[in-house]
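Report on the following structure.
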Amino acid sequence: MTNTLFRPRRLWLAVASTFPVVAAAQAVDTDNVHRLPVVEVVHQAPLPGLDVSVEQYPGNAQMRSDAQIERSGATNLADFLQRSMPGVIASDIQGSPYQTDLSYRGHRLSPLLGSPQGLSVYLDGVRINQPLGDVMDWDLVPEMALADVALIPGTNPLYGLNTLGGALVLGTKSGLTHPGTEVDMSFGSHARRRLEFGHGAQWGEGWHGYAAGSWFEENGWRERSPGHLGNVFLKLGRHLGDTSWALSYSDGRSNLIGNGLLNQSLYDTNPRAGYTFYDQTRKQGQLLNFQLTHSLTPNDQIALVAWHRRSRHTGSNGDVNANWAAWIEDCENSSASRCTHPADPGYLHQNAVFNQSQARYAETGTTLQWTRQSGAHQFALGAELAHSTSDYDQYQQAAFFDAHRVTQTAPGEPLEHEVSLRGRSTRLGLFAADTIRLAPHTQLSLSARWNDSRVRNDLGHPAPYESESFRYRKLNPAIGVTHAFTPAVLGFANLSQGTRMPTSLELGCADPAKPCTLPTGLQADPYLKQVVTRTLEFGARLRPAEGVQLTAAIFRSESSDDIAFMRAGVSQAGFFDNIGKTRRQGLELSARVQRSDWDVRTSYGYLDATYQSSGVLFGPLSTASKPNAFQPGTRLAALPRHVLKLSVDWRATRSVVVGGDWLAVGSQVAAGNEGGSRPKLGDVAGYGLVNARASWQVSQGWKAYVRINNLLDRRYITYATGNEDAFPRGVVVRPGEEMGSARFVAPGLGRHITVGMRYEWR
């Protein structure tokens, strides 16, 4: 196989397409909107102490401040990451702004159970991926309280399990860092309304406090897709010389309807339509977190985090009845009475099932870390211990779709308890690191983490329960180096290993002979291997002139025993399985230029994500005659090869700033057609989006703004897959008709306008 990553011509074209703006741009750093110092320190581990400047980190780490988040005009955190971070791309699979799928370097971070998660997320030192499926709850993040966001690339073992593509590290504000008041109120298209507030204060004897809250509501841009959420964040702390501590509490609640993928025939006539209704999710979650740092001596520091978090999810949705789909298939081109006569016992009229689920998660844990500065060495030793529980119950009721494709439960049919899962997991991590200054301009980083995790499941349908237990252990090392060739040129390289332990959900649905309806139908199942990923990365940071920053990084990651969900029919039934080896390799280029009245950022990402083994991806359109087979070199689905981003802000006057950003995304393979056996599915076409923004400092503390997303109102899709279509052009298939295969797509948001007012008092 030809290695496309290191072709000189491709590399030159990538550089040429990314950096011409450097010669023409004249920019200024408008981050001073908050009058706070730019965050330049990155944690090499989840807790503070083993810290280096971004310049000295042996990888392409990215950091952003709350000022940059506010200035970007992004809808939420996920939208900001797509606009701001090189290599990050989003998919609107559910059609709700707070149920977004993100991918970075070919690894996903998703709120959907069953997605192959590959990024870990930390909030103030606490890993917040949910226990059952390592999913990410974007709607429970206290966005107004975020002080900084860091994206740590690669398989850094110090960030623990699930750090395959990288770690997303979120830090919150405090009364020390953000004294004063912030209020932001906005209104937008589709009845979108948002209100945010934050207030920080300091008192005598080192006391400080911070409070923040958000409220969001919309009718939704797609048909029948309203949503609302709210959260509060409280922090109280004290700083006394060598000791600092803080106690924080967050509470978030949401009610979101995201009606998922849309068949191509309906999308062609109305991209705002829904396939079936309703797919509703309600969540509530709380996190209590205690943070402590204490200097034992001038060279020794301990850091402690202890937390308890819990959440509750309830969901409901309508799905095509698998028995009805099979009956329709049997009755194709048939005039038998069992297919046409309602009085015949074989006649099926309940074409839907109504699914209802309840999940409760809880986790308690602590992390302790000791760091010591000794000559040229900065040592760290630490341990993490956490115990989590996952209780999941699923219910099902016979139903039918009405003329508007809304699921209606069948009168007199009981709501049956189909599945019960009681999952318990414990993880222990022991880690060590040493950052060594080998020479005035050279720094070596060594680290390792030993993980010992156990998963225990009790699974019932709903009873009697079957018990299963699995244990996973692994020592993951890493080595990195940075060297300053000149004051303006710094090179870096790292080699690391990380692992992902199979979740309770995946272990409870791993038998091909017993496919489960995701995430239902769980049973005691065969063993799944843990995913092991090794990453090699090298690159450089350049500062060729004042106000100019350039970064380039090349990476390759190889994963063994990746886990995928294999679909087994027209419904959501399937099973999880290890699929051998995969490879993700690519290039990241970025630049920033700052001058007196301009601020320009641009980045280009190239990703080559392929299978490196052979097999078959089971799915509703993968048949014996047309298997969806893969082999070394077959592209992974839903991952565009090319992503180009450009952001520009211009200070037109002392009080007016005008800006915008451009996102260009290349084509991607449709899921279900990785092997090319279903050319009807085709590829997902690339697209380009332009967003515009403007702000006006009306008076001291008051700022008005307008933001227009998808300014040119482009029609585009972010994801596609194949399935049998029960509602071609929105009309249910009749007995005797064919339920043909079809392409299902995730439509992108059309033009959206937001106007708002912001108040800041410092």
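The way I read the labels, and the way they are meant: chains A, B, ... in the order of the structure tokens, residue 1 as the first residue of every chain, and ligand 1 as the first ligand shown, with later ones counted on from there.
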Taking the DSSP secondary structure from the backbone, can you list the residues of range 13-161 of chain A that are strand (DSSP E), as a PyMOL selection string?
chain A and resi 41-43+51-53+62-65+88-91+101-104+107-109+119-123+126-127+146-153
Distance in Å - CA of Leu261 in chain A versus CA of Asn231 in chain A
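Rounded to one decimal, the two atoms are 28.1 Å apart.
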Which of A:Gly701, A:Trp207, A:Thr293, A:Gly375 sits closest to Trp761 in chain A [using only C-alpha atoms]
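Ranking A:Gly701, A:Trp207, A:Thr293, A:Gly375 by distance to Trp761 in chain A, first place goes to A:Gly701.
A straight line drawn from CA of Gln350 in chain A to CA of His417 in chain A is 18.7 Å long.
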